[in-house]
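As stored in model_9.cif (mmCIF, C-alpha atoms and all ligand atoms):
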```cif
data_query
#
loop_
_atom_site.label_atom_id
_atom_site.label_comp_id
_atom_site.auth_asym_id
_atom_site.auth_seq_id
_atom_site.Cartn_x
_atom_site.Cartn_y
_atom_site.Cartn_z
CA MET A 1 -13.28 -8.62 20.22
CA LYS A 2 -12.78 -11.91 18.37
CA HIS A 3 -10.55 -11.88 15.30
CA SER A 4 -13.45 -12.71 12.96
CA GLU A 5 -15.59 -9.89 14.45
CA HIS A 6 -12.74 -7.49 13.96
CA GLU A 7 -12.37 -8.55 10.33
CA GLU A 8 -16.09 -8.23 9.73
CA ARG A 9 -16.15 -4.75 11.18
CA THR A 10 -13.16 -3.69 9.07
CA ALA A 11 -14.85 -5.07 5.96
CA GLU A 12 -18.00 -3.14 6.84
CA TRP A 13 -16.00 0.10 7.22
CA MET A 14 -14.35 -0.52 3.86
CA ARG A 15 -17.78 -0.94 2.24
CA LEU A 16 -19.13 2.15 3.98
CA ALA A 17 -16.11 4.24 3.03
CA LEU A 18 -16.51 3.30 -0.64
CA SER A 19 -20.23 3.99 -0.55
CA LYS A 20 -19.65 7.46 0.97
CA MET A 21 -17.11 8.25 -1.72
CA LYS A 22 -19.59 7.19 -4.36
CA GLN A 23 -22.35 9.27 -2.75
CA TYR A 24 -20.22 12.46 -2.83
CA GLU A 25 -18.55 11.62 -6.14
CA ILE A 26 -15.08 11.54 -4.62
CA PRO A 27 -12.54 9.61 -6.74
CA PRO A 28 -11.29 6.45 -4.93
CA THR A 29 -7.63 7.49 -4.50
CA PRO A 30 -5.64 6.17 -1.49
CA VAL A 31 -5.68 9.63 0.16
CA ASN A 32 -9.46 9.99 -0.20
CA TYR A 33 -10.03 6.43 0.90
CA ALA A 34 -7.88 6.86 4.04
CA LEU A 35 -9.95 9.85 5.08
CA TRP A 36 -13.33 8.16 4.54
CA PHE A 37 -12.23 4.97 6.24
CA GLU A 38 -11.24 6.97 9.32
CA TYR A 39 -14.55 8.85 9.09
CA VAL A 40 -16.84 5.79 8.97
CA SER A 41 -14.87 4.01 11.69
CA GLY A 42 -15.75 6.95 13.96
CA THR A 43 -12.43 6.70 15.81
CA ASN A 44 -11.49 10.31 15.19
CA LEU A 45 -14.30 12.49 16.51
CA ALA A 46 -12.72 15.76 15.40
CA LEU A 47 -12.51 14.45 11.84
CA VAL A 48 -16.13 13.25 11.92
CA GLU A 49 -17.25 16.70 13.10
CA ALA A 50 -15.19 18.46 10.44
CA VAL A 51 -16.63 16.32 7.62
CA ASP A 52 -20.18 16.58 8.96
CA SER A 53 -20.05 20.33 9.24
CA GLU A 54 -18.81 20.67 5.62
CA ILE A 55 -21.72 18.51 4.47
CA GLU A 56 -24.22 20.27 6.70
CA LEU A 57 -23.29 23.63 5.23
CA THR A 58 -23.65 22.84 1.54
CA GLY A 59 -25.13 19.34 1.38
CA LYS A 60 -21.98 18.12 -0.37
CA ILE A 61 -18.25 17.78 0.03
CA THR A 62 -15.70 18.27 -2.73
CA GLU A 63 -12.47 16.42 -3.39
CA GLN A 64 -10.67 19.70 -2.67
CA GLN A 65 -12.17 19.81 0.81
CA VAL A 66 -11.32 16.15 1.38
CA ARG A 67 -7.72 16.92 0.40
CA LEU A 68 -7.55 19.81 2.87
CA LEU A 69 -9.04 17.69 5.65
CA HIS A 70 -6.54 14.98 4.88
CA GLU A 71 -3.68 17.51 5.20
CA GLN A 72 -5.14 18.76 8.45
CA PHE A 73 -5.75 15.38 10.07
CA PHE A 74 -3.08 13.11 8.63
CA ASP A 75 0.01 15.33 8.38
CA ASP A 76 0.98 14.54 11.95
CA ASP A 77 0.98 10.83 11.11
CA LYS A 78 3.33 11.47 8.23
CA ASP A 79 5.48 13.46 10.61
CA ARG A 80 5.49 10.68 13.17
CA ALA A 81 6.47 8.15 10.50
CA ALA A 82 9.36 10.37 9.37
CA MET A 83 10.53 10.79 12.97
CA PHE A 84 10.35 7.02 13.50
CA GLU A 85 12.50 6.39 10.44
CA MET A 86 15.04 8.97 11.54
CA ARG A 87 15.30 7.48 15.01
CA GLN A 88 15.93 4.05 13.48
CA GLU A 89 18.57 5.48 11.20
CA LEU A 90 20.36 7.25 14.03
CA ALA A 91 20.29 4.08 16.14
CA ARG A 92 21.81 2.15 13.25
CA LEU A 93 24.59 4.70 12.86
CA LEU A 94 25.31 4.78 16.58
CA LYS A 95 25.50 1.01 16.75
CA GLN A 96 27.78 0.95 13.72
CA THR A 97 30.09 3.52 15.32
CA LEU A 98 30.18 1.55 18.57
CA ASN A 99 31.02 -1.52 16.59
CA TYR A 100 34.10 0.17 15.15
CA ILE A 101 35.14 0.95 18.68
CA TYR A 102 34.75 -2.66 19.81
CA THR A 103 36.65 -3.95 16.81
CA GLY A 104 39.62 -1.84 17.73
CA VAL A 105 39.41 1.02 15.28
CA THR A 106 39.69 3.20 18.33
CA THR A 107 40.88 2.61 21.83
CA THR A 108 39.05 5.39 23.55
CA ASP A 109 36.73 4.56 26.43
CA ARG A 110 35.44 8.12 26.52
CA SER A 111 33.85 7.90 23.07
CA ASN A 112 32.57 4.47 23.90
CA SER A 113 30.63 5.48 27.01
CA HIS A 114 29.44 8.71 25.44
CA LEU A 115 27.99 6.95 22.41
CA GLN A 116 26.51 4.21 24.61
CA SER A 117 24.66 6.83 26.65
CA MET A 118 23.37 8.45 23.47
CA LEU A 119 22.04 5.11 22.31
CA THR A 120 20.07 4.68 25.54
CA ARG A 121 18.61 8.16 25.13
CA LEU A 122 17.18 7.23 21.74
CA GLN A 123 13.72 6.51 23.13
CA PRO A 124 10.50 6.25 21.07
CA ASP A 125 8.93 9.29 22.79
CA LEU A 126 11.80 11.55 21.80
CA ASN A 127 10.43 14.74 20.30
CA ARG A 128 11.85 16.56 17.31
CA GLN A 129 13.88 18.99 19.40
CA GLN A 130 15.41 16.22 21.51
CA LEU A 131 16.24 14.20 18.41
CA HIS A 132 17.86 17.27 16.91
CA THR A 133 19.97 17.81 20.05
CA LEU A 134 21.02 14.16 20.04
CA ILE A 135 22.09 14.28 16.41
CA GLU A 136 24.14 17.40 17.20
CA GLU A 137 25.85 15.55 20.06
CA VAL A 138 26.64 12.51 17.92
CA LEU A 139 28.16 14.80 15.31
CA ILE A 140 30.29 16.65 17.86
CA GLU A 141 31.44 13.41 19.48
CA THR A 142 32.43 11.75 16.20
CA ARG A 143 34.10 14.92 14.93
CA LEU A 144 36.07 15.24 18.15
CA ALA A 145 37.23 11.67 18.05
CA VAL A 146 38.20 11.89 14.38
CA SER A 147 40.08 15.17 14.76
CA SER A 148 41.96 14.05 17.85
CA GLY A 149 43.24 11.10 15.88
CA GLU A 150 41.43 8.56 18.02
CA LEU A 151 39.38 7.41 15.08
CA LEU A 152 41.19 7.19 11.82
CA ASN A 153 38.89 4.93 9.99
CA GLU A 154 37.42 6.20 6.77
CA GLN A 155 34.20 4.41 7.50
CA LEU A 156 33.74 6.59 10.54
CA ASN A 157 34.09 9.67 8.43
CA GLY A 158 31.38 8.12 6.29
CA ALA A 159 29.17 7.66 9.33
CA MET A 160 29.67 11.29 10.18
CA VAL A 161 28.53 12.34 6.73
CA GLU A 162 25.46 10.15 7.18
CA VAL A 163 24.63 11.70 10.53
CA ALA A 164 24.96 15.17 8.98
CA ALA A 165 22.60 14.11 6.19
CA LEU A 166 20.18 12.87 8.83
CA LYS A 167 20.29 16.25 10.52
CA LYS A 168 19.40 17.94 7.25
CA GLU A 169 16.60 15.46 6.66
CA LEU A 170 15.22 16.25 10.10
CA SER A 171 15.10 19.98 9.44
CA ASP A 172 13.70 19.45 5.90
CA SER A 173 10.91 17.27 7.26
CA ARG A 174 10.18 19.82 9.99
CA ARG A 175 9.96 22.56 7.34
CA GLU A 176 7.70 20.41 5.18
CA SER A 177 5.40 19.59 8.10
CA ILE A 178 4.76 23.27 8.83
CA THR A 179 4.47 24.55 5.25
CA ASP A 180 1.36 24.82 3.13
CA SER A 181 2.11 22.94 -0.07
CA LEU A 182 -0.05 25.10 -2.36
CA THR A 183 1.28 28.55 -1.41
CA GLY A 184 4.55 27.85 0.39
CA LEU A 185 3.29 29.92 3.34
CA ALA A 186 3.20 28.59 6.90
CA ASN A 187 0.35 26.14 7.39
CA ARG A 188 -2.33 26.01 10.09
CA LYS A 189 -0.17 23.80 12.30
CA HIS A 190 2.66 26.34 12.28
CA PHE A 191 0.21 29.15 12.98
CA ASP A 192 -1.30 27.25 15.94
CA GLU A 193 2.11 26.50 17.41
CA LEU A 194 3.36 30.08 17.09
CA ILE A 195 0.22 31.78 18.36
CA SER A 196 0.23 29.61 21.49
CA GLU A 197 3.86 30.56 22.09
CA MET A 198 3.17 34.28 21.53
CA ILE A 199 0.21 34.21 23.85
CA ARG A 200 2.25 32.58 26.60
CA ASP A 201 4.69 35.47 26.16
CA ALA A 202 1.90 38.03 26.17
CA ASP A 203 0.38 36.57 29.36
CA GLN A 204 3.76 36.52 31.11
CA ASN A 205 5.37 39.70 29.84
CA GLY A 206 2.44 41.77 28.60
CA ILE A 207 3.88 42.20 25.08
CA ASP A 208 1.47 43.22 22.31
CA VAL A 209 0.30 40.54 19.90
CA SER A 210 -2.14 41.31 17.13
CA VAL A 211 -3.66 38.98 14.57
CA ILE A 212 -5.25 39.57 11.18
CA PHE A 213 -7.56 37.02 9.57
CA CYS A 214 -8.65 37.52 5.97
CA ASP A 215 -10.89 35.58 3.64
CA VAL A 216 -11.22 35.86 -0.15
CA ASP A 217 -14.60 37.31 -1.16
CA MET A 218 -16.90 35.18 -3.30
CA PHE A 219 -14.12 32.72 -3.99
CA SER A 220 -16.56 29.98 -4.89
CA VAL A 221 -17.61 32.11 -7.87
CA ILE A 222 -14.02 32.21 -9.16
CA ASN A 223 -13.78 28.43 -8.83
CA GLU A 224 -17.11 27.87 -10.52
CA LYS A 225 -16.39 30.27 -13.37
CA HIS A 226 -12.75 29.39 -14.06
CA GLY A 227 -12.13 26.06 -12.35
CA GLN A 228 -10.16 24.95 -9.28
CA LEU A 229 -6.74 25.33 -10.91
CA VAL A 230 -7.32 29.01 -11.59
CA GLY A 231 -8.67 29.33 -8.04
CA ASP A 232 -5.40 27.81 -6.81
CA GLN A 233 -3.46 30.29 -8.91
CA VAL A 234 -5.37 33.18 -7.29
CA LEU A 235 -4.50 31.83 -3.83
CA ARG A 236 -0.82 31.76 -4.79
CA VAL A 237 -0.91 35.37 -6.03
CA ILE A 238 -2.59 36.50 -2.79
CA ALA A 239 -0.03 34.55 -0.74
CA GLU A 240 2.82 36.30 -2.56
CA LEU A 241 1.30 39.75 -2.02
CA MET A 242 0.82 39.05 1.67
CA ARG A 243 4.33 37.68 2.07
CA LYS A 244 5.76 40.88 0.57
CA SER A 245 3.79 43.12 2.94
CA LEU A 246 5.24 41.55 6.06
CA LYS A 247 8.59 41.62 7.74
CA GLY A 248 10.76 40.32 10.56
CA ARG A 249 9.00 38.14 13.07
CA ASP A 250 5.56 38.48 11.45
CA LEU A 251 4.11 35.17 10.30
CA VAL A 252 1.68 34.77 7.45
CA ALA A 253 -0.12 31.45 7.18
CA ARG A 254 -2.75 29.81 5.05
CA TYR A 255 -5.26 29.12 7.78
CA GLY A 256 -7.81 27.17 5.77
CA GLY A 257 -9.07 26.90 2.17
CA GLU A 258 -9.31 30.56 1.13
CA GLU A 259 -8.51 32.03 4.51
CA PHE A 260 -5.18 33.54 5.57
CA ALA A 261 -3.89 34.60 8.97
CA VAL A 262 -1.12 36.92 10.10
CA ILE A 263 0.56 37.01 13.52
CA LEU A 264 2.05 40.39 14.39
CA PRO A 265 4.20 40.36 17.52
CA ASN A 266 4.90 43.70 19.24
CA THR A 267 2.20 45.36 17.17
CA SER A 268 -0.55 47.66 18.42
CA MET A 269 -4.14 47.43 17.24
CA GLN A 270 -3.76 50.63 15.27
CA ASN A 271 -0.69 49.41 13.38
CA ALA A 272 -2.30 46.01 12.72
CA ARG A 273 -5.38 47.73 11.33
CA GLN A 274 -3.23 49.94 9.07
CA LEU A 275 -1.38 46.89 7.78
CA ALA A 276 -4.64 45.04 7.07
CA GLU A 277 -5.93 48.08 5.22
CA SER A 278 -2.81 48.31 3.11
CA ILE A 279 -2.94 44.58 2.20
CA ARG A 280 -6.63 44.96 1.37
CA GLN A 281 -5.88 47.84 -1.01
CA ASP A 282 -2.93 45.98 -2.57
CA ILE A 283 -5.07 42.96 -3.39
CA ALA A 284 -8.08 44.92 -4.60
CA GLY A 285 -5.78 47.01 -6.82
CA LYS A 286 -4.04 44.07 -8.42
CA ARG A 287 -5.17 43.02 -11.89
CA ILE A 288 -4.98 39.25 -11.87
CA GLN A 289 -5.24 37.33 -15.12
CA ARG A 290 -5.38 33.66 -16.01
CA LYS A 291 -1.91 32.29 -16.66
CA ASP A 292 -3.00 30.20 -19.62
CA THR A 293 -5.38 32.49 -21.57
CA ARG A 294 -4.41 35.86 -20.02
CA GLU A 295 -8.12 36.46 -19.51
CA PRO A 296 -8.59 39.06 -16.72
CA LEU A 297 -10.21 37.64 -13.61
CA GLY A 298 -11.69 40.96 -12.54
CA THR A 299 -11.11 42.46 -9.15
CA ILE A 300 -10.32 40.06 -6.34
CA THR A 301 -11.14 41.38 -2.89
CA MET A 302 -10.78 40.12 0.65
CA SER A 303 -12.50 40.78 3.97
CA PHE A 304 -10.33 41.36 7.02
CA GLY A 305 -10.71 41.01 10.78
CA VAL A 306 -8.18 42.45 13.23
CA ALA A 307 -7.72 41.99 16.98
CA ARG A 308 -5.14 42.66 19.65
CA TYR A 309 -4.70 40.03 22.34
CA VAL A 310 -5.93 41.01 25.77
CA PRO A 311 -3.69 39.31 28.37
CA GLY A 312 -5.54 36.58 30.22
CA GLU A 313 -8.27 36.01 27.60
CA GLY A 314 -6.74 32.80 26.19
CA VAL A 315 -6.09 31.70 22.63
CA ASP A 316 -9.59 30.38 21.84
CA SER A 317 -11.35 33.60 22.79
CA PHE A 318 -8.76 35.63 20.88
CA LEU A 319 -9.08 33.68 17.62
CA GLN A 320 -12.87 33.54 17.88
CA ARG A 321 -12.89 37.33 18.12
CA VAL A 322 -10.75 37.71 14.99
CA ASP A 323 -13.00 35.23 13.19
CA ARG A 324 -16.04 37.20 14.28
CA ALA A 325 -14.45 40.37 12.90
CA VAL A 326 -14.09 38.70 9.47
CA TYR A 327 -17.75 37.76 9.65
CA LEU A 328 -18.63 41.40 10.42
CA ALA A 329 -16.51 42.58 7.48
CA LYS A 330 -18.36 40.16 5.18
CA ARG A 331 -21.72 41.28 6.53
CA SER A 332 -20.96 44.92 5.98
CA GLY A 333 -20.41 44.42 2.27
CA ARG A 334 -17.03 42.59 2.01
CA ASN A 335 -13.73 44.16 0.84
CA ASN A 336 -13.18 45.94 4.14
CA VAL A 337 -11.46 45.70 7.52
CA SER A 338 -13.36 45.18 10.79
CA ASP A 339 -12.14 45.41 14.36
CA ALA A 340 -12.86 42.48 16.63
CA PRO A 341 -15.34 42.98 19.47
CA PRO A 342 -13.77 43.14 22.96
CA PRO A 343 -13.35 39.86 24.86
CA ILE A 344 -15.75 38.69 27.53
CA ILE A 345 -13.44 37.87 30.43
N1 LIG B 1 -9.30 26.44 -5.87
C1 LIG B 1 -9.42 26.24 -4.57
N2 LIG B 1 -10.59 26.46 -3.95
C2 LIG B 1 -10.68 26.26 -2.63
C3 LIG B 1 -9.60 25.83 -1.87
N3 LIG B 1 -10.00 25.71 -0.60
C4 LIG B 1 -11.30 26.07 -0.54
N4 LIG B 1 -11.72 26.42 -1.77
C5 LIG B 1 -13.05 26.87 -2.19
O1 LIG B 1 -13.31 28.13 -1.62
C6 LIG B 1 -14.74 28.33 -1.67
C7 LIG B 1 -15.21 29.01 -0.42
O2 LIG B 1 -16.53 29.34 -0.61
P1 LIG B 1 -17.47 29.93 0.48
O3 LIG B 1 -17.00 29.53 1.85
O4 LIG B 1 -18.86 29.58 0.08
O5 LIG B 1 -17.28 31.47 0.44
P2 LIG B 1 -17.11 32.50 -0.75
O6 LIG B 1 -17.65 32.01 -2.04
O7 LIG B 1 -15.64 32.87 -0.77
O8 LIG B 1 -17.99 33.69 -0.27
P3 LIG B 1 -17.79 34.67 0.95
O9 LIG B 1 -16.73 34.10 1.87
O10 LIG B 1 -19.12 34.74 1.60
O11 LIG B 1 -17.36 35.97 0.38
C8 LIG B 1 -15.35 26.95 -1.87
O12 LIG B 1 -15.83 26.89 -3.20
C9 LIG B 1 -14.17 25.98 -1.70
O13 LIG B 1 -14.28 24.83 -2.48
C10 LIG B 1 -8.35 25.57 -2.56
O14 LIG B 1 -7.35 25.15 -1.99
N5 LIG B 1 -8.32 25.80 -3.89
#
```
Take the structure in the file and write it out as structure tokens.
Ligand SMILES: Nc1nc2c(ncn2[C@@H]2O[C@H](COP(=O)(O)OP(=O)(O)OP(=O)(O)O)[C@@H](O)[C@H]2O)c(=O)[nH]1
Amino acid sequence: MKHSEHEERTAEWMRLALSKMKQYEIPPTPVNYALWFEYVSGTNLALVEAVDSEIELTGKITEQQVRLLHEQFFDDDKDRAAMFEMRQELARLLKQTLNYIYTGVTTTDRSNSHLQSMLTRLQPDLNRQQLHTLIEEVLIETRLAVSSGELLNEQLNGAMVEVAALKKELSDSRRESITDSLTGLANRKHFDELISEMIRDADQNGIDVSVIFCDVDMFSVINEKHGQLVGDQVLRVIAELMRKSLKGRDLVARYGGEEFAVILPNTSMQNARQLAESIRQDIAGKRIQRKDTREPLGTITMSFGVARYVPGEGVDSFLQRVDRAVYLAKRSGRNNVSDAPPPII
């Protein structure tokens, strides 16, 4: 494509993105704009489908939904950018350390070749785990050299502190990328990663894995009556109640807007059902009130679906069954727990 054609097309996408935002009354913030630009450019089919299905359902799309879609589709980019910066920073520190070696701060060839090899391993496709391992190695190497008296320079101690800070930054950014910012629970990405891992285990070793999905009943009414901020507050209270009901290796995640998901390793269907029932009762029995006016919000209830993984069925079938169970719970009057139908294998 010629440069001018490319520019024209980009300009057209910009116009279209703004017109879509106007149509759905979405404020033109950078986050909203980024999402609509990607949508009209049609380069991300999954995003196009997600936006279209929201609109198809209700004829509109809210800023809240746009924000959630942005989190879902753009968080990985943020993650990649953070990883890129950290790689650059580690490369800078490694080069600086090597420089001290060349300028005679140390005489050791061992450190030299070790650090050189680390520098060559600092490739762009390094994943988070590999980067973490590399940082660990740099730390050990520098510590060793310093403690054995090979490196006496204060600046090298400084470099070590910087590498340690980088290590912390890496784990902070990992934590941030798998945490839901509203509730502090695990986010959908974390859930997806862990369930795939658990299912691999279940297929190989036959261990029990059960999952609970639950969805707040008539949540749109709470939002309409009290506003989004109160709705957010309700989601936080629910998240806290769910967090308290679980233990050990269980994982509770915010799966979508007003939907939560729980992974229960080594848990039978019967125990998972009992747990869902006890969370259901906890939430229905809680008297939630507005923080600002103390006005009671009435009873908040949730509908639950429960399933146990059947080895060999695969993750998609499993999660569809749990989703289906939530649908059945809603259909049979809400505020109850439904078992998932068996898989079709
Ligand atoms: N406050 C707030 N609302 C949200 C959030 N995410 C999704 N929602 C809202 O949750 C509501 C979900 O509504 P529906 O899917 O129609 O379902 P419902 O009203 O809960 O009814 P049932 O599921 O049929 O019981 C919509 O109004 C969304 O805008 C969020 O993060 N905060």
Mind dumping a table of every chain A residue within 10 Å of ligand LIG 1 (chain B), with the nearest atom pair and its distance in Å to one decimal, using all atoms listed in the file, sorted by chain and rising number, as CSV?
```
residue,atom,partner,partner_atom,distance
A:Glu54,CA,B:LIG1,O3,9.8
A:Leu57,CA,B:LIG1,O4,9.0
A:Thr58,CA,B:LIG1,O4,8.4
A:Ile61,CA,B:LIG1,O13,8.5
A:Thr62,CA,B:LIG1,O13,6.7
A:Glu63,CA,B:LIG1,O13,8.7
A:Gln64,CA,B:LIG1,C3,6.3
A:Gln65,CA,B:LIG1,O13,6.4
A:Val66,CA,B:LIG1,N3,9.9
A:Arg67,CA,B:LIG1,O14,8.6
A:Leu68,CA,B:LIG1,O14,7.2
A:Ser181,CA,B:LIG1,O14,9.9
A:Leu182,CA,B:LIG1,O14,7.3
A:Thr183,CA,B:LIG1,O14,9.3
A:Cys214,CA,B:LIG1,O9,9.7
A:Asp215,CA,B:LIG1,O9,6.3
A:Val216,CA,B:LIG1,O7,5.4
A:Asp217,CA,B:LIG1,O11,3.4
A:Met218,CA,B:LIG1,O6,3.5
A:Phe219,CA,B:LIG1,O7,3.6
A:Ser220,CA,B:LIG1,O12,3.6
A:Val221,CA,B:LIG1,O6,5.8
A:Ile222,CA,B:LIG1,O6,8.0
A:Asn223,CA,B:LIG1,N1,5.7
A:Glu224,CA,B:LIG1,O12,7.5
A:His226,CA,B:LIG1,N1,9.4
A:Gly227,CA,B:LIG1,N1,7.1
A:Gln228,CA,B:LIG1,N1,3.8
A:Leu229,CA,B:LIG1,N1,5.8
A:Val230,CA,B:LIG1,N1,6.6
A:Gly231,CA,B:LIG1,N1,3.7
A:Asp232,CA,B:LIG1,N1,4.2
A:Gln233,CA,B:LIG1,N1,7.6
A:Val234,CA,B:LIG1,N1,7.9
A:Leu235,CA,B:LIG1,N5,7.1
A:Arg236,CA,B:LIG1,N5,9.6
A:Arg254,CA,B:LIG1,O14,9.6
A:Gly256,CA,B:LIG1,N3,6.9
A:Gly257,CA,B:LIG1,N3,3.2
A:Glu258,CA,B:LIG1,C4,5.2
A:Glu259,CA,B:LIG1,N3,8.3
A:Thr301,CA,B:LIG1,O11,8.9
A:Met302,CA,B:LIG1,O11,7.8
A:Ser303,CA,B:LIG1,O11,7.7
A:Val326,CA,B:LIG1,O9,9.3
A:Tyr327,CA,B:LIG1,O9,8.7
A:Ala329,CA,B:LIG1,O11,9.7
A:Lys330,CA,B:LIG1,O11,6.4
A:Arg331,CA,B:LIG1,O10,8.6
A:Gly333,CA,B:LIG1,O11,9.2
A:Arg334,CA,B:LIG1,O11,6.8
A:Asn335,CA,B:LIG1,O11,9.0
```
Residues within 12 Å of Asn205 of chain A, all atoms listed in the file, excluding chain neighbours under 5 positions, as a PyMOL selection string
chain A and resi 198-200+266+311-312
List as JSON lines every residue of segment 141-249 of chain A that is in contact with segment 276-279 of chain A, defined as an atom at most 8 Å from one of its atoms (using only C-alpha atoms), together with the nearest atom pair and the distance in Å rounded to one decimal, sorted by chain and then rising number.
```
{"residue": "A:Ile212", "atom": "CA", "partner": "A:Ala276", "partner_atom": "CA", "distance": 6.9}
{"residue": "A:Leu241", "atom": "CA", "partner": "A:Ile279", "partner_atom": "CA", "distance": 7.7}
{"residue": "A:Met242", "atom": "CA", "partner": "A:Ile279", "partner_atom": "CA", "distance": 6.7}
{"residue": "A:Ser245", "atom": "CA", "partner": "A:Ile279", "partner_atom": "CA", "distance": 6.9}
```
Could you tell me how far atom CA of Lys22 of chain A lies from atom CA of Ile55 of chain A, in Å and to one decimal?
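A separation of 14.5 Å between them.
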Quick one: pull the distance between atom CA of Ala50 of chain A and atom CA of Gly184 of chain A, Å, one decimal.
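Spanning atom CA of Ala50 of chain A to atom CA of Gly184 of chain A is a straight-line distance of 24.1 Å.
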Please, what distance in Å, to one decimal, runs between atom CA of Lys189 of chain A and atom CA of Leu45 of chain A?
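Separation of atom CA of Lys189 of chain A and atom CA of Leu45 of chain A: 18.6 Å.
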Which residues come within 10 Å of Leu264 of chain A, counting all atoms listed in the file, excluding same-chain residues fewer than 4 positions away, as a PyMOL selection string?
chain A and resi 195+198+208-212+246-252+268-269+271-272+275+308
For Glu313 of chain A, which residue among A:Phe73, A:Glu12, A:Ile344, A:Glu169 is the nearest when counting all atoms listed in the file?
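When distances to Glu313 of chain A are compared using all atoms listed in the file, the smallest one comes from A:Ile344.
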Contacts of segment 122-132 of chain A at 8 Å (only C-alpha atoms; same-chain gap of 2+ positions) as a PyMOL selection string:
chain A and resi 83-84+87+91+118-120+134-136+167+170
